[in-house]
Every structure is written in C-alpha cells, then in structure tokens.
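Novice: Sharing a structure below in structure tokens format, with a few things to ask.
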Amino acid sequence: MMSSENRSQFSVSCSSVSEKARAKINLALHVTGQRPDGYHLLDMLVTFADHGDRLDFMRSPADAFTLSGRFGEVLAGDGGTNLVLKARDLLRGAIGPLAFPVSIHLEKNLPVASGIGGGSADAAATLRGLMRLWGTTLSAETLAALALKLGADVPMCLESRPLIARGIGEELEPVPELPAFAMVLANPLKGVSTPEVFRRLATKNNPALSLTPSRPQAADWLAAIAATRNDLEPPARELVPEIAAMAAMLQARGALLTRMSGSGATCFGIFASMTSAEDAAAALHDARSDWYFQATETVSGGA
Ligand code: C5P
C-alpha cells in the first residue's frame, strides 16, 4: 500500500531512457544566515551548462551500475555511497513494487566535489530518468521532498534552468530573462570539502542578493552579476591557492568576469562568444594539461 503522500501515477514505461545531468553554475552565492540545525541560508543566482554527465537507464534482470568517462574511475571505489544509487533507492521506496530492476550507466564527465553540482545533477537526472523508465510521476511536493533529502542542490538540478534559489536551496524562482553565456569552466582537480568551506566563513549574515525588483535587461546582466558575490570564495581560496591562479589565467585569456561556483574549487569565466571561450579553453589546456578546462554555453532562461 502506498501512503497518500507518496501517491504516484503510472503510465506506459519504456525499456531504456537517457538523461543529461547539466553542470550547475552559481553565478552568485550570498550567505545570509544560518539555521538552528547548522545549515546556512543562501541567496543564489544559478544557471546550468550544456556540458555535464550523461545517464542511461535500462530495464534489467537485476539492478546494476556501471561507470565511464574522464572521472568515472574516481567514483568507482565509493562502494554504493553514490548519489545515483541513493536516488534510485529513495524513488523505489516511494513508488513501490512496480519499480522493476534497472541497469544504470553514468558517463562521468564532471570533476567530483568541485562546486558545479555533479553529484546533485546525477541524482536529479536519476529521479527524472527513473520516473520515465518506470512510467510514473510523483506529485511536485513529493518529488521536491525526495530531491531535498538527497542534497540541498538536488531540487534546483531537477529544474536545470536559470533560477534564484533561497533558503538552503529549496525555494526556487525561475529567471526567464537570464541570457545564455559563453563560459569556460576551470578546476585544478583538487576536491574541496563543502562543510570545511562553510566552517571557515568569517561572516554569515551578509547582504542578500538584490537583482529584484529592478531586474536588468539582457545587456546589463553581466554588470549586475559583477556586483554580486560568492561568499564562499574567500574561505575556499584559503584552502586551495590554485583558485586565485585559475581566476588570473581565465582573465588573462579574455574572460569578462570570473568567479568561483558553489564551494569550489571550479571557477568560471564568462566570455564574449563561444569562439573566444573555446580558444581560451584550448590555450589554458595547453598551459596546464593536468587541470580541467571546459568551454560550454549555459542555457538561457527563455529556452
Ligand atoms: O546538502 P549537501 O550535501 O550539498 O551539503 C553538504 C554539507 O555542506 C552539509 O552537510 C553542510 O555541512 C554544508 N551546507 C551548509 N549549508 C547549506 C548547504 C550545505 O552548511 N546551505
């Protein structure tokens, strides 16, 4: 018996589906307070990149999980703690016996523990993909609650479109006016502990994001974003000196704006065009082939 809270609707299921898990980019991240349980209150302007992981889901005689991609090896040894498997199990628990065994393949293209929500995007893509494979939909509230259980960034990754997120990331407001940006993502392939970055924050009651009510026009977005902050960047720079080096490298290659995403260490540079972003990524890769540089376009709010 399913409880009324978990009531789901079933339709015809398919035998295989694929989902994209887009990288999450925090264009701005303001820490505005802290809840009694220790979680920090945030005001974030978030967008999503074309670049990301890819997940394939197939009906199978037994549950299985395989990995490939540049960063697949990194996850291979985590012994079932992967958020993809947690998302599968949580969704199966919510929908019951009609959730047949599945084979899941994760092509891991995004660096792990890097502030661009790779794990959260994978978890969200798993919820989306398995609902399609199992031919079920949950109510928006049940799905949002499941997503939040998996991590503070999972609800926004379910949306994967430009938005403002508040609270700990669960209060979402779409930003249809946000344009697409040509971007280079840069990471020194040094994982950062999110709790450690939060612990090092000097101030937790910082000014809120002030993009509304006077939302800028497309041409003004860059200036508006430049006037915002990532409050996690100073403590992350203390932990990872490479962040300052990457920001300087992106600027030297023509980035109009550089900033760190999430709790780092990934930094993004916004470029004038995809051609200049691709040229910069190629030159940066030549300079530091042991680091990660990826040119990508972000999704526009109106898409
Ligand atoms: O929810 P998620 O797994 O992404 O959070 C990882 C850790 O980061 C939390 O356990 C918490 O220590 C810290 N965190 C926080 N405030 C947030 C989000 C995360 O303090 N809003």
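Chain labels A, B, ... are given in the sequence in which chains occur in the structure tokens; within each chain residues are numbered consecutively from 1, and ligands are likewise numbered from 1 in the order shown.
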Would you list, as a PyMOL selection string, the residues of segment 72-220 of chain A that end up in alpha helix (DSSP H) under DSSP run on this structure's backbone?
Specialist: chain A and resi 72-76+83-95+118-133+140-150+154-159+194-199
Novice: Quick one: everything within 8 Å of His30 of chain A, counting only C-alpha atoms, minus sequence neighbours fewer than 4 positions away in the same chain. Send it as a PyMOL selection string.
Specialist: chain A and resi 42-44+206-209+228-231
Novice: Within 7 Å of segment 183-186 of chain A, counting only C-alpha atoms, which residues qualify if same-chain residues fewer than 3 places away don't, as a PDB file with all heavy atoms, in the first residue's frame?
Specialist:
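Writing done, so here's out.pdb:
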ATOM      1  N   MET A 246      43.813  30.144 -11.114  1.00  0.00           N
ATOM      2  CA  MET A 246      42.887  29.869 -12.234  1.00  0.00           C
ATOM      3  C   MET A 246      42.133  31.121 -12.654  1.00  0.00           C
ATOM      4  O   MET A 246      41.941  31.367 -13.845  1.00  0.00           O
ATOM      5  CB  MET A 246      41.857  28.803 -11.826  1.00  0.00           C
ATOM      6  CG  MET A 246      42.419  27.413 -11.800  1.00  0.00           C
ATOM      7  SD  MET A 246      41.145  26.208 -11.472  1.00  0.00           S
ATOM      8  CE  MET A 246      40.229  26.913 -10.148  1.00  0.00           C
ATOM      9  N   THR A 266      35.823  24.798  -8.623  1.00  0.00           N
ATOM     10  CA  THR A 266      35.631  25.217 -10.013  1.00  0.00           C
ATOM     11  C   THR A 266      35.374  26.722 -10.100  1.00  0.00           C
ATOM     12  O   THR A 266      34.564  27.265  -9.358  1.00  0.00           O
ATOM     13  CB  THR A 266      34.453  24.463 -10.666  1.00  0.00           C
ATOM     14  OG1 THR A 266      34.717  23.068 -10.599  1.00  0.00           O
ATOM     15  CG2 THR A 266      34.271  24.881 -12.125  1.00  0.00           C
ATOM     16  N   CYS A 267      36.088  27.369 -11.010  1.00  0.00           N
ATOM     17  CA  CYS A 267      35.835  28.773 -11.337  1.00  0.00           C
ATOM     18  C   CYS A 267      35.284  28.825 -12.751  1.00  0.00           C
ATOM     19  O   CYS A 267      35.585  27.963 -13.572  1.00  0.00           O
ATOM     20  CB  CYS A 267      37.122  29.583 -11.300  1.00  0.00           C
ATOM     21  SG  CYS A 267      37.786  29.736  -9.649  1.00  0.00           S
ATOM     22  N   PHE A 268      34.476  29.845 -13.021  1.00  0.00           N
ATOM     23  CA  PHE A 268      34.019  30.032 -14.389  1.00  0.00           C
ATOM     24  C   PHE A 268      34.488  31.392 -14.879  1.00  0.00           C
ATOM     25  O   PHE A 268      34.658  32.327 -14.100  1.00  0.00           O
ATOM     26  CB  PHE A 268      32.485  29.908 -14.490  1.00  0.00           C
ATOM     27  CG  PHE A 268      31.717  30.936 -13.695  1.00  0.00           C
ATOM     28  CD1 PHE A 268      31.446  32.190 -14.223  1.00  0.00           C
ATOM     29  CD2 PHE A 268      31.268  30.647 -12.421  1.00  0.00           C
ATOM     30  CE1 PHE A 268      30.745  33.139 -13.489  1.00  0.00           C
ATOM     31  CE2 PHE A 268      30.561  31.584 -11.680  1.00  0.00           C
ATOM     32  CZ  PHE A 268      30.299  32.836 -12.215  1.00  0.00           C
ATOM     33  N   GLY A 269      34.715  31.465 -16.179  1.00  0.00           N
ATOM     34  CA  GLY A 269      34.960  32.743 -16.833  1.00  0.00           C
ATOM     35  C   GLY A 269      33.869  32.924 -17.872  1.00  0.00           C
ATOM     36  O   GLY A 269      33.546  31.968 -18.600  1.00  0.00           O
ATOM     37  N   ILE A 270      33.265  34.111 -17.914  1.00  0.00           N
ATOM     38  CA  ILE A 270      32.270  34.411 -18.951  1.00  0.00           C
ATOM     39  C   ILE A 270      32.990  35.126 -20.092  1.00  0.00           C
ATOM     40  O   ILE A 270      33.753  36.069 -19.847  1.00  0.00           O
ATOM     41  CB  ILE A 270      31.113  35.268 -18.390  1.00  0.00           C
ATOM     42  CG1 ILE A 270      30.335  34.452 -17.341  1.00  0.00           C
ATOM     43  CG2 ILE A 270      30.183  35.753 -19.513  1.00  0.00           C
ATOM     44  CD1 ILE A 270      29.161  35.177 -16.717  1.00  0.00           C
ATOM     45  N   PHE A 271      32.774  34.657 -21.309  1.00  0.00           N
ATOM     46  CA  PHE A 271      33.457  35.202 -22.489  1.00  0.00           C
ATOM     47  C   PHE A 271      32.450  35.856 -23.429  1.00  0.00           C
ATOM     48  O   PHE A 271      31.244  35.621 -23.330  1.00  0.00           O
ATOM     49  CB  PHE A 271      34.230  34.084 -23.203  1.00  0.00           C
ATOM     50  CG  PHE A 271      35.485  33.693 -22.466  1.00  0.00           C
ATOM     51  CD1 PHE A 271      35.413  32.877 -21.339  1.00  0.00           C
ATOM     52  CD2 PHE A 271      36.725  34.170 -22.870  1.00  0.00           C
ATOM     53  CE1 PHE A 271      36.565  32.537 -20.636  1.00  0.00           C
ATOM     54  CE2 PHE A 271      37.886  33.832 -22.174  1.00  0.00           C
ATOM     55  CZ  PHE A 271      37.802  33.013 -21.061  1.00  0.00           C
ATOM     56  N   ALA A 277      35.592  31.553 -26.035  1.00  0.00           N
ATOM     57  CA  ALA A 277      35.638  30.614 -24.905  1.00  0.00           C
ATOM     58  C   ALA A 277      36.396  29.343 -25.313  1.00  0.00           C
ATOM     59  O   ALA A 277      37.236  28.835 -24.556  1.00  0.00           O
ATOM     60  CB  ALA A 277      34.218  30.268 -24.458  1.00  0.00           C
ATOM     61  N   ALA A 281      39.859  27.983 -23.715  1.00  0.00           N
ATOM     62  CA  ALA A 281      39.945  26.652 -23.080  1.00  0.00           C
ATOM     63  C   ALA A 281      41.095  25.856 -23.684  1.00  0.00           C
ATOM     64  O   ALA A 281      41.840  25.173 -22.959  1.00  0.00           O
ATOM     65  CB  ALA A 281      38.624  25.906 -23.228  1.00  0.00           C
ATOM     66  N   TYR A 292      41.576  20.937 -15.391  1.00  0.00           N
ATOM     67  CA  TYR A 292      40.363  20.720 -16.196  1.00  0.00           C
ATOM     68  C   TYR A 292      39.893  22.071 -16.734  1.00  0.00           C
ATOM     69  O   TYR A 292      39.677  23.015 -15.948  1.00  0.00           O
ATOM     70  CB  TYR A 292      39.307  20.091 -15.294  1.00  0.00           C
ATOM     71  CG  TYR A 292      37.871  20.112 -15.760  1.00  0.00           C
ATOM     72  CD1 TYR A 292      37.341  19.060 -16.516  1.00  0.00           C
ATOM     73  CD2 TYR A 292      37.017  21.157 -15.397  1.00  0.00           C
ATOM     74  CE1 TYR A 292      36.007  19.059 -16.904  1.00  0.00           C
ATOM     75  CE2 TYR A 292      35.683  21.164 -15.779  1.00  0.00           C
ATOM     76  CZ  TYR A 292      35.196  20.116 -16.531  1.00  0.00           C
ATOM     77  OH  TYR A 292      33.876  20.113 -16.905  1.00  0.00           O
ATOM     78  N   PHE A 293      39.789  22.180 -18.038  1.00  0.00           N
ATOM     79  CA  PHE A 293      39.233  23.384 -18.665  1.00  0.00           C
ATOM     80  C   PHE A 293      38.181  22.952 -19.671  1.00  0.00           C
ATOM     81  O   PHE A 293      38.449  22.099 -20.530  1.00  0.00           O
ATOM     82  CB  PHE A 293      40.329  24.191 -19.382  1.00  0.00           C
ATOM     83  CG  PHE A 293      41.378  24.720 -18.444  1.00  0.00           C
ATOM     84  CD1 PHE A 293      42.623  24.113 -18.358  1.00  0.00           C
ATOM     85  CD2 PHE A 293      41.112  25.824 -17.634  1.00  0.00           C
ATOM     86  CE1 PHE A 293      43.583  24.590 -17.479  1.00  0.00           C
ATOM     87  CE2 PHE A 293      42.081  26.310 -16.753  1.00  0.00           C
ATOM     88  CZ  PHE A 293      43.314  25.692 -16.672  1.00  0.00           C
ATOM     89  N   GLN A 294      37.008  23.524 -19.597  1.00  0.00           N
ATOM     90  CA  GLN A 294      35.922  23.095 -20.473  1.00  0.00           C
ATOM     91  C   GLN A 294      35.140  24.325 -20.953  1.00  0.00           C
ATOM     92  O   GLN A 294      34.578  25.058 -20.144  1.00  0.00           O
ATOM     93  CB  GLN A 294      34.990  22.160 -19.690  1.00  0.00           C
ATOM     94  CG  GLN A 294      33.786  21.685 -20.461  1.00  0.00           C
ATOM     95  CD  GLN A 294      34.151  20.735 -21.593  1.00  0.00           C
ATOM     96  OE1 GLN A 294      34.894  19.779 -21.393  1.00  0.00           O
ATOM     97  NE2 GLN A 294      33.631  21.007 -22.785  1.00  0.00           N
ATOM     98  N   ALA A 295      35.096  24.501 -22.267  1.00  0.00           N
ATOM     99  CA  ALA A 295      34.237  25.565 -22.819  1.00  0.00           C
ATOM    100  C   ALA A 295      32.817  25.020 -22.909  1.00  0.00           C
ATOM    101  O   ALA A 295      32.604  23.851 -23.255  1.00  0.00           O
ATOM    102  CB  ALA A 295      34.731  25.950 -24.206  1.00  0.00           C
ATOM    103  N   THR A 296      31.847  25.857 -22.589  1.00  0.00           N
ATOM    104  CA  THR A 296      30.455  25.416 -22.645  1.00  0.00           C
ATOM    105  C   THR A 296      29.548  26.640 -22.727  1.00  0.00           C
ATOM    106  O   THR A 296      29.949  27.735 -22.336  1.00  0.00           O
ATOM    107  CB  THR A 296      30.080  24.570 -21.398  1.00  0.00           C
ATOM    108  OG1 THR A 296      28.746  24.069 -21.532  1.00  0.00           O
ATOM    109  CG2 THR A 296      30.177  25.368 -20.107  1.00  0.00           C
ATOM    110  N   GLU A 297      28.344  26.417 -23.235  1.00  0.00           N
ATOM    111  CA  GLU A 297      27.352  27.502 -23.239  1.00  0.00           C
ATOM    112  C   GLU A 297      26.324  27.191 -22.159  1.00  0.00           C
ATOM    113  O   GLU A 297      25.954  26.022 -21.984  1.00  0.00           O
ATOM    114  CB  GLU A 297      26.671  27.602 -24.596  1.00  0.00           C
ATOM    115  CG  GLU A 297      25.824  28.850 -24.706  1.00  0.00           C
ATOM    116  CD  GLU A 297      25.324  29.097 -26.128  1.00  0.00           C
ATOM    117  OE1 GLU A 297      25.063  28.123 -26.844  1.00  0.00           O
ATOM    118  OE2 GLU A 297      25.194  30.266 -26.507  1.00  0.00           O
TER     119      GLU A 297
END
Novice: Kindly work out which residues sit at most 9 Å from ligand 1, using only C-alpha atoms and all ligand atoms, and give the list as a PyMOL selection string.
Specialist: chain A and resi 31+34-35+37-42+117+119-120+148-154+167-169+193-199+263
Novice: Write out the residues from the selection above, keeping N, CA and C atoms, as a compact mmCIF listing (two decimals), in the first residue's frame.
Specialist:
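Result file follows (out_22.txt):
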# COMPACT_ATOMS: atom_id res chain seq x y z
N VAL A 31 25.76 34.23 1.36
CA VAL A 31 25.40 33.56 2.62
C VAL A 31 24.73 34.60 3.51
N GLN A 34 22.19 31.53 9.19
CA GLN A 34 22.37 30.10 9.50
C GLN A 34 21.16 29.60 10.27
N ARG A 35 20.68 28.40 9.92
CA ARG A 35 19.53 27.81 10.60
C ARG A 35 20.00 27.18 11.92
N ASP A 37 19.82 24.23 12.79
CA ASP A 37 20.45 22.92 12.56
C ASP A 37 21.83 23.04 11.92
N GLY A 38 22.33 24.27 11.73
CA GLY A 38 23.69 24.45 11.21
C GLY A 38 23.75 24.75 9.73
N TYR A 39 22.70 24.38 8.98
CA TYR A 39 22.70 24.67 7.53
C TYR A 39 22.66 26.19 7.31
N HIS A 40 23.34 26.63 6.28
CA HIS A 40 23.42 28.06 6.00
C HIS A 40 22.31 28.50 5.07
N LEU A 41 21.82 29.71 5.32
CA LEU A 41 20.80 30.30 4.44
C LEU A 41 21.51 31.01 3.31
N LEU A 42 21.07 30.73 2.11
CA LEU A 42 21.76 31.23 0.93
C LEU A 42 20.80 31.96 0.00
N GLY A 117 28.01 20.93 -8.80
CA GLY A 117 26.83 20.09 -8.55
C GLY A 117 26.78 18.79 -9.32
N GLY A 119 27.35 15.62 -8.51
CA GLY A 119 26.62 14.58 -7.79
C GLY A 119 25.13 14.91 -7.70
N SER A 120 24.81 16.17 -7.45
CA SER A 120 23.41 16.59 -7.33
C SER A 120 22.70 16.48 -8.68
N LEU A 148 15.25 17.03 -2.00
CA LEU A 148 15.93 17.75 -0.91
C LEU A 148 16.61 16.78 0.06
N LYS A 149 16.00 15.59 0.24
CA LYS A 149 16.61 14.57 1.09
C LYS A 149 17.97 14.15 0.54
N LEU A 150 18.12 14.20 -0.78
CA LEU A 150 19.36 13.76 -1.42
C LEU A 150 20.45 14.83 -1.34
N GLY A 151 20.07 16.07 -1.13
CA GLY A 151 21.06 17.15 -1.03
C GLY A 151 20.41 18.49 -1.33
N ALA A 152 21.00 19.55 -0.76
CA ALA A 152 20.39 20.88 -0.88
C ALA A 152 20.32 21.36 -2.33
N ASP A 153 21.23 20.89 -3.19
CA ASP A 153 21.25 21.36 -4.59
C ASP A 153 20.42 20.49 -5.53
N VAL A 154 19.88 19.39 -5.04
CA VAL A 154 19.17 18.47 -5.95
C VAL A 154 17.85 19.08 -6.49
N GLY A 167 16.67 30.02 0.85
CA GLY A 167 16.62 29.01 1.91
C GLY A 167 17.95 28.28 1.91
N ILE A 168 17.90 26.94 1.92
CA ILE A 168 19.17 26.21 1.74
C ILE A 168 19.27 25.74 0.29
N GLY A 169 18.35 26.23 -0.55
CA GLY A 169 18.37 25.87 -1.96
C GLY A 169 17.04 25.29 -2.40
N SER A 193 36.15 20.18 0.43
CA SER A 193 35.11 19.74 1.36
C SER A 193 34.15 20.90 1.61
N THR A 194 32.87 20.74 1.21
CA THR A 194 31.88 21.81 1.38
C THR A 194 31.73 22.19 2.86
N PRO A 195 31.56 21.22 3.80
CA PRO A 195 31.43 21.61 5.21
C PRO A 195 32.64 22.41 5.70
N GLU A 196 33.84 22.06 5.23
CA GLU A 196 35.06 22.77 5.66
C GLU A 196 35.03 24.22 5.19
N VAL A 197 34.57 24.45 3.96
CA VAL A 197 34.49 25.83 3.45
C VAL A 197 33.48 26.63 4.27
N PHE A 198 32.31 26.04 4.55
CA PHE A 198 31.31 26.74 5.37
C PHE A 198 31.87 27.05 6.77
N ARG A 199 32.62 26.09 7.35
CA ARG A 199 33.18 26.28 8.69
C ARG A 199 34.12 27.48 8.74
N SER A 263 30.97 25.78 -3.53
CA SER A 263 32.04 25.83 -2.52
C SER A 263 33.39 25.53 -3.17
Novice: Any idea what the distance is between atom CA of Ala144 of chain A and atom CA of Leu163 of chain A?
Specialist: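 The value is 15.4 Å.
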Novice: Between A:Val46, A:Ile25, A:Ala94, A:Val102, which residue has the minimum interatomic distance to Arg166 of chain A, considering only C-alpha atoms?
Specialist: A:Val46
Novice: Separation of atom CA of Leu27 of chain A and atom CA of Leu178 of chain A, in Å?
Specialist: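 Spanning atom CA of Leu27 of chain A to atom CA of Leu178 of chain A is a straight-line distance of 11.0 Å.
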Novice: Quick one: residues within 7 Å of Gly262 of chain A, only C-alpha atoms, excluding same-chain residues fewer than 6 positions away - as a PyMOL selection string?
Specialist: chain A and resi 26+115-116
Novice: Pick the closest to Arg132 of chain A from A:Ala282, A:Met274, A:Ala99, A:Ala28: which is it, counting only C-alpha atoms?
Specialist: A:Ala99
Novice: Would you work out the distance separating atom CA of Trp291 of chain A from atom CA of Asn187 of chain A, expressed in Å to one decimal?
Specialist: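 Interatomic distance here is 6.0 Å.
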Novice: Mind the document's chain letters and residue numbers, and return as number ranges by chain the residues of segment 78-217 of chain A that DSSP labels strand (DSSP E or B).
Specialist: A: 102-107, 136-138, 163-166, 171-174, 182-187
Novice: What's the 9 Å shell around Ser18 of chain A, counting only C-alpha atoms, without same-chain residues fewer than 5 positions away, as number ranges by chain?
Specialist: A: 54-58, 125, 129
Novice: Take the residues just selected and output them with N, CA and C atoms as a compact mmCIF listing (two decimals), in the first residue's frame.
Specialist:
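Result file result21.txt:
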# COMPACT_ATOMS: atom_id res chain seq x y z
N ARG A 54 26.17 12.16 -18.30
CA ARG A 54 25.07 11.56 -19.05
C ARG A 54 24.70 10.25 -18.36
N LEU A 55 23.42 10.02 -18.20
CA LEU A 55 22.98 8.78 -17.56
C LEU A 55 22.06 8.01 -18.49
N ASP A 56 22.26 6.68 -18.55
CA ASP A 56 21.38 5.79 -19.31
C ASP A 56 20.75 4.81 -18.34
N PHE A 57 19.46 4.57 -18.52
CA PHE A 57 18.71 3.68 -17.64
C PHE A 57 18.05 2.61 -18.50
N MET A 58 18.22 1.33 -18.11
CA MET A 58 17.64 0.23 -18.90
C MET A 58 16.98 -0.78 -17.99
N ALA A 125 19.00 13.75 -12.28
CA ALA A 125 18.78 13.06 -13.55
C ALA A 125 18.28 11.64 -13.31
N GLY A 129 14.99 10.31 -14.88
CA GLY A 129 15.11 9.16 -15.79
C GLY A 129 14.30 7.97 -15.31
Novice: Between A:Ser273, A:Ser103, A:Ser210, A:Thr142, which residue has the minimum interatomic distance to Pro61 of chain A, considering only C-alpha atoms?
Specialist: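 The answer is A:Ser103, which sits nearest to Pro61 of chain A.
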